[in-house]
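A.B. asks: As input, take model12.tsv (TSV, C-alpha atoms and all ligand atoms):
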chain	number	residue	atom	x	y	z
A	1	MET	CA	3.91	-31.54	-8.58
A	2	ALA	CA	0.87	-30.98	-6.39
A	3	PHE	CA	0.89	-29.16	-3.10
A	4	LYS	CA	-1.33	-29.39	-0.12
A	5	GLY	CA	-1.76	-26.13	1.73
A	6	GLN	CA	-2.89	-25.10	5.17
A	7	ILE	CA	-3.62	-21.63	6.45
A	8	VAL	CA	-3.76	-20.34	10.00
A	9	ILE	CA	-6.03	-17.33	10.50
A	10	ASP	CA	-5.63	-15.00	13.45
A	11	THR	CA	-9.41	-14.67	13.65
A	12	GLU	CA	-9.33	-12.20	16.55
A	13	HIS	CA	-7.43	-9.73	14.35
A	14	CYS	CA	-9.37	-10.33	11.13
A	15	LYS	CA	-11.57	-7.39	10.12
A	16	GLY	CA	-13.87	-9.37	7.84
A	17	CYS	CA	-13.09	-7.18	4.83
A	18	GLY	CA	-13.48	-10.10	2.42
A	19	VAL	CA	-10.63	-9.28	0.05
A	20	CYS	CA	-8.99	-12.64	0.78
A	21	LEU	CA	-12.18	-14.46	-0.27
A	22	ALA	CA	-12.08	-12.71	-3.63
A	23	ALA	CA	-8.39	-13.64	-4.10
A	24	CYS	CA	-8.59	-17.38	-3.35
A	25	PRO	CA	-8.47	-19.50	-6.54
A	26	MET	CA	-9.85	-22.57	-4.72
A	27	GLN	CA	-12.84	-20.91	-3.00
A	28	CYS	CA	-11.52	-22.10	0.35
A	29	LEU	CA	-12.70	-19.14	2.38
A	30	GLU	CA	-15.90	-17.64	3.73
A	31	LEU	CA	-16.84	-15.14	6.38
A	32	SER	CA	-18.11	-16.77	9.55
A	33	LYS	CA	-21.61	-16.06	10.77
A	34	ASN	CA	-20.02	-15.56	14.18
A	35	VAL	CA	-18.13	-12.41	15.13
A	36	ASN	CA	-14.82	-11.91	16.91
A	37	GLY	CA	-14.18	-9.68	19.93
A	38	LYS	CA	-14.26	-6.56	17.72
A	39	GLY	CA	-17.57	-7.54	16.15
A	40	TYR	CA	-16.18	-8.55	12.76
A	41	ASN	CA	-17.37	-11.63	10.86
A	42	TYR	CA	-13.98	-13.26	10.59
A	43	THR	CA	-12.65	-15.44	7.76
A	44	GLN	CA	-12.70	-19.22	8.06
A	45	THR	CA	-11.91	-22.12	5.73
A	46	VAL	CA	-14.77	-24.08	4.19
A	47	ASN	CA	-12.97	-26.95	2.45
A	48	ASP	CA	-9.59	-28.65	2.28
A	49	LYS	CA	-8.76	-27.62	-1.29
A	50	CYS	CA	-6.05	-25.16	-0.22
A	51	ILE	CA	-2.92	-25.36	-2.37
A	52	GLY	CA	-0.83	-23.00	-0.26
A	53	CYS	CA	-0.58	-20.35	-2.98
A	54	ALA	CA	-0.67	-17.51	-0.41
A	55	SER	CA	-2.92	-15.32	-2.57
A	56	CYS	CA	-5.14	-14.70	0.46
A	57	ALA	CA	-2.17	-13.66	2.58
A	58	MET	CA	-0.82	-11.37	-0.18
A	59	VAL	CA	-3.95	-9.20	-0.19
A	60	CYS	CA	-4.80	-9.26	3.52
A	61	PRO	CA	-4.25	-5.68	4.74
A	62	ASP	CA	-3.88	-6.84	8.32
A	63	GLY	CA	-1.49	-9.71	7.73
A	64	VAL	CA	-3.57	-12.14	9.76
A	65	ILE	CA	-3.16	-15.17	7.49
A	66	SER	CA	-0.14	-17.50	7.69
A	67	VAL	CA	0.31	-20.02	4.91
A	68	TYR	CA	1.95	-23.46	4.94
A	69	LYS	CA	2.35	-26.08	2.28
A	70	LYS	CA	3.83	-29.50	1.60
A	71	GLN	CA	4.24	-31.69	-1.44
A	72	CYS	CA	1.74	-34.49	-1.86
B	73	MET	CA	-8.02	-18.45	18.37
B	74	ALA	CA	-5.89	-17.04	21.13
B	75	ASN	CA	-2.28	-16.14	20.32
B	76	THR	CA	-0.87	-19.25	22.01
B	77	ASP	CA	-3.25	-21.49	20.04
B	78	ILE	CA	-2.10	-19.86	16.79
B	79	GLU	CA	1.57	-20.47	17.57
B	80	ALA	CA	0.78	-24.05	18.62
B	81	ARG	CA	-1.10	-24.67	15.37
B	82	LYS	CA	1.79	-23.28	13.32
B	83	GLN	CA	4.24	-25.53	15.16
B	84	GLU	CA	1.96	-28.52	14.62
B	85	LEU	CA	1.98	-27.90	10.86
B	86	LEU	CA	5.78	-27.62	10.81
B	87	ASN	CA	5.96	-30.90	12.74
B	88	GLN	CA	3.74	-32.50	10.08
B	89	GLY	CA	6.29	-31.59	7.41
B	90	TYR	CA	4.73	-28.38	6.14
B	91	THR	CA	6.96	-25.44	5.27
B	92	GLU	CA	6.00	-21.88	6.00
B	93	VAL	CA	5.12	-19.93	2.84
B	94	TYR	CA	3.98	-16.71	4.47
B	95	THR	CA	3.58	-15.22	7.90
B	96	ARG	CA	3.29	-11.67	9.21
B	97	THR	CA	6.68	-9.95	9.38
B	98	LYS	CA	8.12	-8.99	12.76
B	99	VAL	CA	8.99	-5.55	11.38
B	100	LEU	CA	5.30	-4.78	11.93
B	101	THR	CA	4.46	-4.33	15.60
B	102	ASP	CA	1.65	-6.32	17.23
B	103	ALA	CA	-0.55	-3.20	17.29
B	104	VAL	CA	-3.83	-3.59	15.40
B	105	MET	CA	-3.84	-1.05	12.57
B	106	HIS	CA	-6.69	1.45	12.92
B	107	TYR	CA	-7.42	1.41	9.18
B	108	CYS	CA	-10.89	0.54	7.94
B	109	PRO	CA	-11.34	-3.13	6.93
B	110	GLY	CA	-9.84	-3.73	3.47
B	111	CYS	CA	-7.98	-0.40	3.25
B	112	GLY	CA	-4.87	-0.46	1.05
B	113	HIS	CA	-2.86	1.41	3.68
B	114	GLY	CA	-2.59	-1.84	5.68
B	115	THR	CA	-1.39	-3.81	2.65
B	116	THR	CA	1.14	-1.10	1.77
B	117	HIS	CA	2.45	-1.01	5.35
B	118	ARG	CA	2.90	-4.77	5.21
B	119	LEU	CA	4.91	-4.58	1.98
B	120	VAL	CA	7.24	-1.84	3.24
B	121	ALA	CA	7.80	-3.84	6.45
B	122	GLU	CA	8.45	-7.05	4.50
B	123	VAL	CA	11.03	-5.31	2.31
B	124	ILE	CA	12.81	-3.91	5.39
B	125	ASP	CA	12.76	-7.39	6.91
B	126	GLU	CA	14.10	-9.11	3.79
B	127	MET	CA	16.86	-6.53	3.32
B	128	GLY	CA	17.90	-6.96	6.98
B	129	ILE	CA	17.98	-3.19	7.54
B	130	GLN	CA	15.47	-2.83	10.41
B	131	ASP	CA	17.95	-1.01	12.67
B	132	GLN	CA	19.01	1.40	9.89
B	133	VAL	CA	15.59	2.59	8.76
B	134	VAL	CA	13.93	5.89	9.65
B	135	GLY	CA	10.36	6.39	8.46
B	136	VAL	CA	8.53	9.69	8.25
B	137	SER	CA	4.76	9.64	8.68
B	138	PRO	CA	2.35	12.20	7.25
B	139	VAL	CA	-0.92	13.78	8.25
B	140	GLY	CA	-3.78	11.73	6.88
B	141	CYS	CA	-5.11	8.28	7.75
B	142	SER	CA	-1.54	6.99	7.96
B	143	VAL	CA	-0.59	9.61	10.59
B	144	LEU	CA	-0.16	6.77	13.10
B	145	ALA	CA	2.13	4.71	10.85
B	146	TYR	CA	4.84	4.98	13.52
B	147	ASN	CA	2.76	2.73	15.77
B	148	TYR	CA	2.83	-0.08	13.25
B	149	PHE	CA	6.47	-0.27	12.13
B	150	ASP	CA	9.10	-1.51	14.53
B	151	VAL	CA	11.68	0.97	13.18
B	152	ASP	CA	12.65	4.55	14.08
B	153	PHE	CA	10.08	7.11	13.00
B	154	GLN	CA	9.44	10.83	12.89
B	155	GLU	CA	6.10	12.56	12.44
B	156	ALA	CA	6.10	15.45	9.97
B	157	ALA	CA	3.84	18.47	9.82
B	158	HIS	CA	1.19	18.09	7.10
B	159	GLY	CA	2.94	17.69	3.74
B	160	ARG	CA	6.43	18.30	5.08
B	161	ALA	CA	7.65	14.71	5.18
B	162	PRO	CA	10.12	15.10	2.27
B	163	ALA	CA	11.73	18.11	3.97
B	164	LEU	CA	12.11	16.23	7.25
B	165	ALA	CA	13.38	13.16	5.39
B	166	THR	CA	15.95	15.35	3.63
B	167	ALA	CA	17.38	16.47	6.97
B	168	ILE	CA	17.38	12.97	8.45
B	169	LYS	CA	19.18	11.49	5.45
B	170	ARG	CA	21.74	14.29	5.17
B	171	LEU	CA	22.59	14.12	8.86
B	172	ASN	CA	22.61	10.30	8.91
B	173	PRO	CA	23.74	9.26	5.44
B	174	ASP	CA	23.99	5.59	6.42
B	175	THR	CA	20.31	5.28	7.23
B	176	PHE	CA	17.52	4.20	4.88
B	177	VAL	CA	14.93	6.98	4.99
B	178	PHE	CA	11.41	6.76	3.64
B	179	THR	CA	8.36	8.98	3.67
B	180	TYR	CA	4.88	7.48	3.70
B	181	GLN	CA	2.25	9.93	2.45
B	182	GLY	CA	-1.30	10.18	1.12
B	183	ASP	CA	-2.37	12.18	-1.92
B	184	GLY	CA	-3.71	15.09	0.13
B	185	ASP	CA	-0.47	15.25	2.09
B	186	LEU	CA	1.96	14.76	-0.82
B	187	ALA	CA	0.11	16.36	-3.75
B	188	ALA	CA	-1.87	19.18	-2.11
B	189	ILE	CA	-0.47	20.83	1.00
B	190	GLY	CA	3.00	19.28	0.50
B	191	THR	CA	3.41	19.90	-3.23
B	192	ALA	CA	6.36	22.26	-2.76
B	193	GLU	CA	8.24	19.87	-0.49
B	194	THR	CA	7.54	16.98	-2.87
B	195	ILE	CA	8.72	18.77	-5.98
B	196	HIS	CA	11.83	20.27	-4.45
B	197	ALA	CA	12.98	17.10	-2.70
B	198	CYS	CA	12.52	15.28	-6.02
B	199	ASN	CA	14.30	18.03	-7.93
B	200	ARG	CA	17.21	18.09	-5.48
B	201	GLY	CA	17.51	14.34	-5.94
B	202	GLU	CA	17.58	13.53	-2.25
B	203	ASN	CA	18.62	9.93	-1.64
B	204	ILE	CA	15.37	8.93	-0.04
B	205	THR	CA	12.39	6.72	-0.83
B	206	MET	CA	8.91	8.21	-1.08
B	207	ILE	CA	5.87	5.94	-0.74
B	208	PHE	CA	2.79	7.72	-2.07
B	209	VAL	CA	-0.63	6.18	-1.37
B	210	ASN	CA	-3.10	7.58	-3.89
B	211	ASN	CA	-6.74	6.90	-3.03
B	212	GLY	CA	-8.06	9.96	-4.86
B	213	ILE	CA	-9.53	11.50	-1.74
B	214	TYR	CA	-8.87	12.96	1.70
B	215	GLY	CA	-9.69	9.79	3.59
B	216	MET	CA	-8.96	10.90	7.13
B	217	THR	CA	-11.08	14.03	7.19
B	218	GLY	CA	-14.21	12.47	5.70
B	219	GLY	CA	-13.69	12.06	1.98
B	220	GLN	CA	-13.20	15.56	0.55
B	221	MET	CA	-11.86	16.14	-2.97
B	222	ALA	CA	-8.10	15.76	-3.36
B	223	PRO	CA	-5.97	17.01	-6.29
B	224	THR	CA	-6.06	13.38	-7.50
B	225	THR	CA	-9.88	13.04	-7.44
B	226	LEU	CA	-11.08	11.94	-10.88
B	227	ILE	CA	-13.29	14.04	-13.12
B	228	GLY	CA	-16.87	13.09	-12.32
B	229	MET	CA	-15.88	11.39	-9.06
B	230	LYS	CA	-18.11	12.14	-6.10
B	231	SER	CA	-16.60	13.28	-2.82
B	232	ALA	CA	-17.87	15.17	0.22
B	233	THR	CA	-16.93	18.48	-1.44
B	234	THR	CA	-17.91	17.43	-4.98
B	235	PRO	CA	-21.26	15.75	-4.26
B	236	TYR	CA	-22.26	15.88	-7.95
B	237	GLY	CA	-18.85	14.79	-9.18
B	238	ARG	CA	-15.62	16.74	-9.82
B	239	ARG	CA	-16.03	19.36	-12.54
B	240	VAL	CA	-13.09	20.68	-14.54
B	241	ASP	CA	-14.59	24.18	-14.85
B	242	LEU	CA	-15.01	24.42	-11.10
B	243	ASN	CA	-12.34	22.16	-9.62
B	244	GLY	CA	-9.61	21.93	-12.27
B	245	TYR	CA	-7.93	18.76	-13.52
B	246	PRO	CA	-6.74	15.72	-11.57
B	247	LEU	CA	-3.02	16.08	-10.83
B	248	ARG	CA	-0.70	13.32	-12.05
B	249	ILE	CA	2.10	14.28	-9.76
B	250	THR	CA	3.98	11.05	-10.36
B	251	GLU	CA	4.32	11.77	-14.11
B	252	LEU	CA	5.21	15.35	-13.21
B	253	ILE	CA	8.10	14.49	-10.89
B	254	SER	CA	9.38	11.87	-13.34
B	255	THR	CA	10.41	14.78	-15.60
B	256	LEU	CA	12.70	16.18	-12.89
B	257	PRO	CA	16.38	15.23	-13.23
B	258	GLY	CA	16.64	14.45	-9.51
B	259	THR	CA	14.36	11.41	-9.61
B	260	TYR	CA	16.10	8.08	-10.24
B	261	TYR	CA	13.18	5.65	-10.02
B	262	VAL	CA	9.50	6.53	-10.49
B	263	THR	CA	6.76	3.93	-10.62
B	264	ARG	CA	3.04	3.47	-10.09
B	265	GLN	CA	1.75	0.25	-8.56
B	266	SER	CA	-1.38	-1.05	-6.85
B	267	VAL	CA	-2.27	-3.57	-4.13
B	268	GLN	CA	-5.71	-4.99	-4.95
B	269	THR	CA	-4.75	-8.46	-6.26
B	270	PRO	CA	-2.05	-11.00	-5.33
B	271	ALA	CA	-0.19	-10.29	-8.60
B	272	ALA	CA	-0.35	-6.53	-8.09
B	273	VAL	CA	0.88	-6.94	-4.51
B	274	ARG	CA	3.92	-8.95	-5.64
B	275	LYS	CA	4.81	-6.30	-8.24
B	276	ALA	CA	4.32	-3.47	-5.76
B	277	LYS	CA	6.62	-5.21	-3.31
B	278	ALA	CA	9.34	-5.62	-5.95
B	279	ALA	CA	9.04	-1.89	-6.73
B	280	ILE	CA	9.33	-0.95	-3.04
B	281	ARG	CA	12.37	-3.21	-2.75
B	282	LYS	CA	14.03	-1.46	-5.71
B	283	ALA	CA	13.19	1.92	-4.20
B	284	PHE	CA	15.00	0.98	-0.97
B	285	GLU	CA	17.94	-0.71	-2.74
B	286	ASN	CA	18.44	2.48	-4.77
B	287	GLN	CA	19.35	4.41	-1.62
B	288	LYS	CA	22.65	2.50	-1.59
B	289	LEU	CA	23.48	3.88	-5.06
B	290	LYS	CA	23.10	7.53	-3.97
B	291	LYS	CA	21.86	8.54	-7.41
B	292	GLY	CA	18.64	10.28	-6.52
B	293	LEU	CA	15.15	9.90	-5.25
B	294	SER	CA	12.94	6.82	-5.62
B	295	PHE	CA	9.20	7.39	-5.76
B	296	VAL	CA	6.58	4.64	-5.54
B	297	GLU	CA	2.95	5.57	-6.04
B	298	ILE	CA	0.50	2.93	-4.79
B	299	LEU	CA	-3.08	3.12	-6.06
B	300	SER	CA	-5.27	2.17	-3.14
B	301	ASN	CA	-8.93	2.03	-2.24
B	302	CYS	CA	-10.50	4.29	0.34
B	303	ASN	CA	-13.58	2.13	0.67
B	304	SER	CA	-15.09	4.25	3.45
B	305	GLY	CA	-14.58	7.50	1.56
B	306	TRP	CA	-15.83	5.99	-1.68
B	307	LYS	CA	-18.78	4.47	0.20
B	308	MET	CA	-18.31	0.94	-1.13
B	309	THR	CA	-17.41	-2.44	0.30
B	310	PRO	CA	-13.67	-3.21	0.09
B	311	VAL	CA	-14.20	-5.71	-2.75
B	312	GLN	CA	-16.40	-3.26	-4.69
B	313	ALA	CA	-13.86	-0.50	-4.07
B	314	ASN	CA	-11.01	-2.58	-5.49
B	315	LYS	CA	-13.07	-3.26	-8.62
B	316	TRP	CA	-14.00	0.42	-8.92
B	317	MET	CA	-10.33	1.28	-8.62
B	318	GLU	CA	-9.44	-1.05	-11.49
B	319	ASP	CA	-12.25	0.31	-13.67
B	320	ASN	CA	-11.80	4.02	-12.94
B	321	MET	CA	-8.50	4.87	-11.26
B	322	MET	CA	-6.32	2.68	-13.48
B	323	PRO	CA	-7.33	4.17	-16.86
B	324	ASN	CA	-6.50	7.59	-15.42
B	325	TYR	CA	-3.43	6.52	-13.49
B	326	PRO	CA	-1.77	3.78	-15.57
B	327	VAL	CA	0.20	1.28	-13.54
B	328	GLY	CA	3.85	0.50	-14.31
B	329	ASP	CA	7.36	1.91	-14.20
B	330	ILE	CA	7.69	5.48	-15.48
B	331	LYS	CA	11.40	6.07	-14.90
B	332	VAL	CA	14.04	3.44	-14.17
B	333	ASP	CA	17.72	4.02	-13.36
B	334	GLY	CA	17.32	7.72	-14.09
B	335	LYS	CA	15.84	7.18	-17.58
B	336	LEU	CA	12.23	7.58	-18.67
B	337	VAL	CA	10.78	4.23	-19.77
B	338	ASP	CA	10.55	4.16	-23.59
B	339	ASN	CA	6.90	3.34	-24.04
B	340	VAL	CA	5.60	5.79	-21.43
B	341	ASP	CA	4.72	9.13	-22.95
B	342	VAL	CA	4.93	11.40	-19.93
B	343	ALA	CA	4.26	14.55	-21.92
B	344	ARG	CA	1.08	13.09	-23.38
B	345	LEU	CA	-0.05	11.83	-19.97
B	346	ALA	CA	0.52	15.22	-18.45
B	347	VAL	CA	-1.86	16.99	-20.84
B	348	ASP	CA	-4.33	14.29	-21.93
B	349	HIS	CA	-7.91	14.78	-20.82
B	350	PRO	CA	-8.41	12.17	-18.14
B	351	LEU	CA	-11.40	9.91	-18.64
B	352	THR	CA	-14.57	10.82	-16.82
B	353	VAL	CA	-15.84	8.54	-14.10
B	354	MET	CA	-19.40	7.28	-14.20
B	355	GLN	CA	-20.93	6.71	-10.79
A	401	LIG	C1	-2.29	22.23	8.30
A	401	LIG	C2	-3.42	21.29	8.19
A	401	LIG	N1	-4.35	21.48	7.21
A	401	LIG	C3	-5.39	20.61	7.09
A	401	LIG	C4	-5.51	19.55	7.92
A	401	LIG	C5	-6.68	18.60	7.78
A	401	LIG	N2	-6.29	17.36	7.15
A	401	LIG	C6	-5.98	16.28	7.87
A	401	LIG	S1	-5.62	14.92	6.93
A	401	LIG	C7	-5.91	15.82	5.51
A	401	LIG	C8	-5.78	15.19	4.15
A	401	LIG	C9	-5.55	13.71	4.17
A	401	LIG	O1	-5.65	13.18	2.90
A	401	LIG	P1	-4.54	12.22	2.32
A	401	LIG	O2	-3.20	12.79	2.46
A	401	LIG	O3	-4.97	11.86	0.94
A	401	LIG	O4	-4.56	10.95	3.29
A	401	LIG	P2	-5.58	9.72	3.37
A	401	LIG	O5	-6.30	9.94	4.67
A	401	LIG	O6	-6.48	9.75	2.19
A	401	LIG	O7	-4.70	8.54	3.39
A	401	LIG	C10	-6.26	17.13	5.80
A	401	LIG	C11	-6.59	18.13	4.77
A	401	LIG	C12	-4.51	19.37	8.92
A	401	LIG	N3	-4.55	18.33	9.76
A	401	LIG	N4	-3.50	20.24	9.03
A	402	LIG	S1	-3.31	-20.22	0.28
A	402	LIG	FE1	-4.27	-20.00	-1.75
A	402	LIG	S2	-5.64	-21.77	-1.93
A	402	LIG	FE2	-5.08	-21.60	0.27
A	402	LIG	S3	-6.73	-20.37	1.16
A	402	LIG	FE3	-5.12	-18.93	0.58
A	402	LIG	S4	-5.66	-18.24	-1.49
A	402	LIG	FE4	-6.87	-20.10	-1.05
A	403	LIG	S1	-8.26	-10.08	4.06
A	403	LIG	FE1	-7.51	-10.41	6.16
A	403	LIG	S2	-8.69	-8.98	7.42
A	403	LIG	FE2	-9.77	-9.15	5.46
A	403	LIG	S3	-11.30	-10.79	5.75
A	403	LIG	FE3	-9.45	-11.77	4.93
A	403	LIG	S4	-8.27	-12.44	6.72
A	403	LIG	FE4	-9.79	-10.96	7.44
A	404	LIG	S1	-10.87	6.41	5.60
A	404	LIG	FE1	-10.18	5.52	3.67
A	404	LIG	S2	-7.92	5.75	3.65
A	404	LIG	FE2	-8.65	6.06	5.76
A	404	LIG	S3	-8.45	4.05	6.74
A	404	LIG	FE3	-10.56	4.23	5.98
A	404	LIG	S4	-10.50	3.31	3.92
A	404	LIG	FE4	-8.38	3.74	4.52
A	405	MG	MG	-5.89	10.19	0.22
Show me, as structure tokens, the structure contained in the file I just sent.

C.D. replies:
Amino acid sequence: MAFKGQIVIDTEHCKGCGVCLAACPMQCLELSKNVNGKGYNYTQTVNDKCIGCASCAMVCPDGVISVYKKQC
Amino acid sequence: MANTDIEARKQELLNQGYTEVYTRTKVLTDAVMHYCPGCGHGTTHRLVAEVIDEMGIQDQVVGVSPVGCSVLAYNYFDVDFQEAAHGRAPALATAIKRLNPDTFVFTYQGDGDLAAIGTAETIHACNRGENITMIFVNNGIYGMTGGQMAPTTLIGMKSATTPYGRRVDLNGYPLRITELISTLPGTYYVTRQSVQTPAAVRKAKAAIRKAFENQKLKKGLSFVEILSNCNSGWKMTPVQANKWMEDNMMPNYPVGDIKVDGKLVDNVDVARLAVDHPLTVMQ
């Protein structure tokens, strides 16, 4: 059973620490070259391979990632 | 994305047939935590808040914050809170729990707070078997004050006060206070966890849940050590710091349950751990 995932990142509250990037099994994430209001290079998605596993959300110290999934 | 855009996007996904797997718990306030990017304090806060949320006990919880980086913890949890003098959180928690036995009381403390200045309060609350939960964030350093040596600093580990690495002849041995308190009859659940990977986070959350559930049993104190990075104090990026923690902290502070339901776990040799020469860190 395959799942398609989607994440919603609260980019204004991301601190660009990068621990979510290291946790993602699908290499979906990168730090933006742009910065948010606090000056942090926030996380963004780079592909649509997300499986909704929530690994990124599990390790995010600031809880800025919400995860959704549906069967496909 | 502005807040309204985020909520709109979430709703859009739900409308498209997606189900929500994870979102930030409402037991955390909207305040932005002041912790450095990637600091394990944030992750640990999240897990405690999620457990409170899932147990449905938000209006029965009283937290006690320490002195250390997590001194402002009361700003981040939407539950009742008290601020203790440095190291005195277990004493304050004792009073809160005894006067309000129907509450769930937890302390949240760093290694400097719990294992240095507050050692007496820690040991005696554990030995009395107070029905409280202690959350102990061990990052091997005094993070808040600029990275000085803590009792938990590893042999060979550099800090502001051990610039050439901790030396046993000068600074003594790293203190494994978690193993130490597991030998006291008043502790009912003692465990060491970490929060650097998704798997570790899930285990740490289960341990925190057990530590809160235990308060209902009134059988003693539950103690959860969380190994955490202090990436600023260790002078590494958060990802490097998590790796360094796995390579250096974990061999010295093995992760897992030490005491469950009042009994020492069979394959954990607390006596050996208490006296064994900890491994030296190479930096
Ligand atoms: C009575 C007293 N002594 C010393 C200090 C200075 N001080 C503030 S925080 C701290 C140690 C913090 O280390 P830890 O508990 O490990 O917390 P961390 O910041 O690493 O999470 C010290 C010694 C103080 N505030 N009050
Ligand atoms: S939910 Fe899983 S697959 Fe999707 S971005 Fe997060 S870690 Fe990657
Ligand atoms: S873990 Fe959280 S705060 Fe850190 S970069 Fe990822 S989304 Fe941002
Ligand atoms: S100084 Fe260390 S413990 Fe304090 S917030 Fe920064 S990384 Fe965390
Ligand atoms: Mg510390």

A.B. asks: For a quick check of understanding, using all atoms listed in the file, which of A:His13, A:Lys33, A:Lys69, A:Lys38 has the smallest distance to Ile51 of chain A?

C.D. replies: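 Residue with the minimum atom-to-atom distance to Ile51 of chain A: A:Lys69.
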
A.B. asks: With distances taken over only C-alpha atoms and all ligand atoms, which residue among A:Met58, A:Cys24, A:Val64, A:Leu31 lies nearest ligand LIG 402 (chain A)?

C.D. replies: A:Cys24

A.B. asks: Name all residues at most 9 Å from segment 74-83 of chain B (count all atoms listed in the file; drop same-chain ones fewer than 6 positions away) and give them as a list in words.

C.D. replies: Ile7, Val8, Ile9, Asp10, Thr11, Glu12, Ser66 and Tyr68 of chain A; Glu92 of chain B

A.B. asks: Create the file for the chosen residues now, containing C-alpha atoms and written as a short mmCIF file (atom, residue, chain, number, x, y, z; two decimals), in the coordinates of the input.

C.D. replies:
data_model
loop_
_atom_site.label_atom_id
_atom_site.label_comp_id
_atom_site.auth_asym_id
_atom_site.auth_seq_id
_atom_site.Cartn_x
_atom_site.Cartn_y
_atom_site.Cartn_z
CA ILE A 7 -3.62 -21.63 6.45
CA VAL A 8 -3.76 -20.34 10.00
CA ILE A 9 -6.03 -17.33 10.50
CA ASP A 10 -5.63 -15.00 13.45
CA THR A 11 -9.41 -14.67 13.65
CA GLU A 12 -9.33 -12.20 16.55
CA SER A 66 -0.14 -17.50 7.69
CA TYR A 68 1.95 -23.46 4.94
CA GLU B 92 6.00 -21.88 6.00
#

A.B. asks: Could you list, as a PyMOL selection string, the residues of chain A having an atom within 6 Å of chain B when counting all atoms listed in the file?

C.D. replies: chain A and resi 15+17+19+55+58-59+61-63+66-70

A.B. asks: Show me which residues line ligand LIG 404 (chain A), defined as having an atom within 6 Å of a ligand atom where all atoms listed in the file count, and present them as a list in words.

C.D. replies: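 If we count all atoms listed in the file, the neighbours of ligand LIG 404 (chain A) turn out to be Tyr107, Cys108, Cys111, Cys141, Gly215, Met216, Cys302, Asn303, Ser304 and Gly305 of chain B.
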
A.B. asks: Can you tell me which residues come within 8 Å of ligand LIG 402 (chain A) when counting only C-alpha atoms and all ligand atoms, ideally as a list of chain:residue names?

C.D. replies: A:Gly5, A:Gln6, A:Ile7, A:Cys20, A:Leu21, A:Ala23, A:Cys24, A:Pro25, A:Met26, A:Gln27, A:Cys28, A:Leu29, A:Thr45, A:Lys49, A:Cys50, A:Ile51, A:Gly52, A:Cys53, A:Ala54, A:Ser55, A:Cys56, A:Ala57, A:Val67, A:Tyr68

A.B. asks: Can you list, as a PyMOL selection string, every protein, DNA or RNA residue that comes within 7 Å of Gln71 of chain A when you count only C-alpha atoms, leaving out same-chain residues fewer than 5 positions away?

C.D. replies: chain A and resi 2-4

A.B. asks: Could the residues of chain B that have an atom at most 7 Å from ligand LIG 401 (chain A) be listed as a Markdown table, each with its closest atom pair and the distance in Å to one decimal, counting all atoms listed in the file and ordered by chain and ascending residue number?

C.D. replies:
| residue | atom | partner | partner_atom | distance |
| --- | --- | --- | --- | --- |
| B:Val139 | CA | A:LIG401 | S1 | 5.0 |
| B:Gly140 | CA | A:LIG401 | S1 | 3.7 |
| B:Cys141 | CA | A:LIG401 | O5 | 3.7 |
| B:Ser142 | CA | A:LIG401 | O7 | 5.8 |
| B:His158 | CA | A:LIG401 | N4 | 5.5 |
| B:Gln181 | CA | A:LIG401 | O2 | 6.2 |
| B:Gly182 | CA | A:LIG401 | O2 | 3.5 |
| B:Asp183 | CA | A:LIG401 | O3 | 3.9 |
| B:Gly184 | CA | A:LIG401 | O2 | 3.3 |
| B:Asp185 | CA | A:LIG401 | O2 | 3.7 |
| B:Leu186 | CA | A:LIG401 | O2 | 6.4 |
| B:Val209 | CA | A:LIG401 | O7 | 6.7 |
| B:Asn210 | CA | A:LIG401 | O3 | 6.7 |
| B:Asn211 | CA | A:LIG401 | O6 | 6.0 |
| B:Gly212 | CA | A:LIG401 | O3 | 6.8 |
| B:Ile213 | CA | A:LIG401 | O6 | 5.3 |
| B:Tyr214 | CA | A:LIG401 | O1 | 3.4 |
| B:Gly215 | CA | A:LIG401 | O6 | 3.5 |
| B:Met216 | CA | A:LIG401 | O5 | 3.7 |
| B:Thr217 | CA | A:LIG401 | S1 | 5.5 |
| B:Ala222 | CA | A:LIG401 | O3 | 6.6 |

A.B. asks: Nearest to ligand MG 405 (chain A): which of B:Glu251, B:Glu202, B:Glu297, B:Asp174 is it, counting all atoms listed in the file?

C.D. replies: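 Under the stated criterion, the closest residue is B:Glu297.
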
A.B. asks: Given the choices A:Val35, A:Cys60, A:Val46, A:Met1, which gets closest to Ala22 of chain A if the distance is worked out from only C-alpha atoms?

C.D. replies: A:Cys60

A.B. asks: Find the spatial neighbours of Ile207 of chain B, counting only C-alpha atoms, within a cut-off of 6 Å - ignore same-chain residues fewer than 5 positions away - and output them as a VMD selection string.

C.D. replies: chain B and resid 179 to 180 296

A.B. asks: Mind pulling up the distance from atom CA of Ile65 of chain A to atom CA of Phe178 of chain B?

C.D. replies: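 Interatomic distance here is 26.6 Å.
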
A.B. asks: Using all atoms listed in the file, find the one residue out of B:Leu289, B:Met317, B:Met308, B:Ile129 that sits nearest to Gly334 of chain B.

C.D. replies: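 Of all the options, B:Leu289 lies closest to Gly334 of chain B.
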
A.B. asks: What is the distance, in Å and to one decimal place, between atom CA of Gln265 of chain B and atom CA of Gly328 of chain B?

C.D. replies: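 Between these atoms lies a distance of 6.1 Å.
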
A.B. asks: May I ask for the distance between atom CA of Thr250 of chain B and atom CA of Met206 of chain B, given in Å to one decimal place?

C.D. replies: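 Between atom CA of Thr250 of chain B and atom CA of Met206 of chain B the gap is 10.9 Å.
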
A.B. asks: How big is the axis-aligned box around the listed atoms of segment 17-34 of chain A once 6 Å is added on each side, and where is its centre? Give both in Å to one decimal, as lines of an AutoDock Vina configuration file.

C.D. replies:
center_x = -15.0
center_y = -14.9
center_z = 3.8
size_x = 25.2
size_y = 27.4
size_z = 32.7
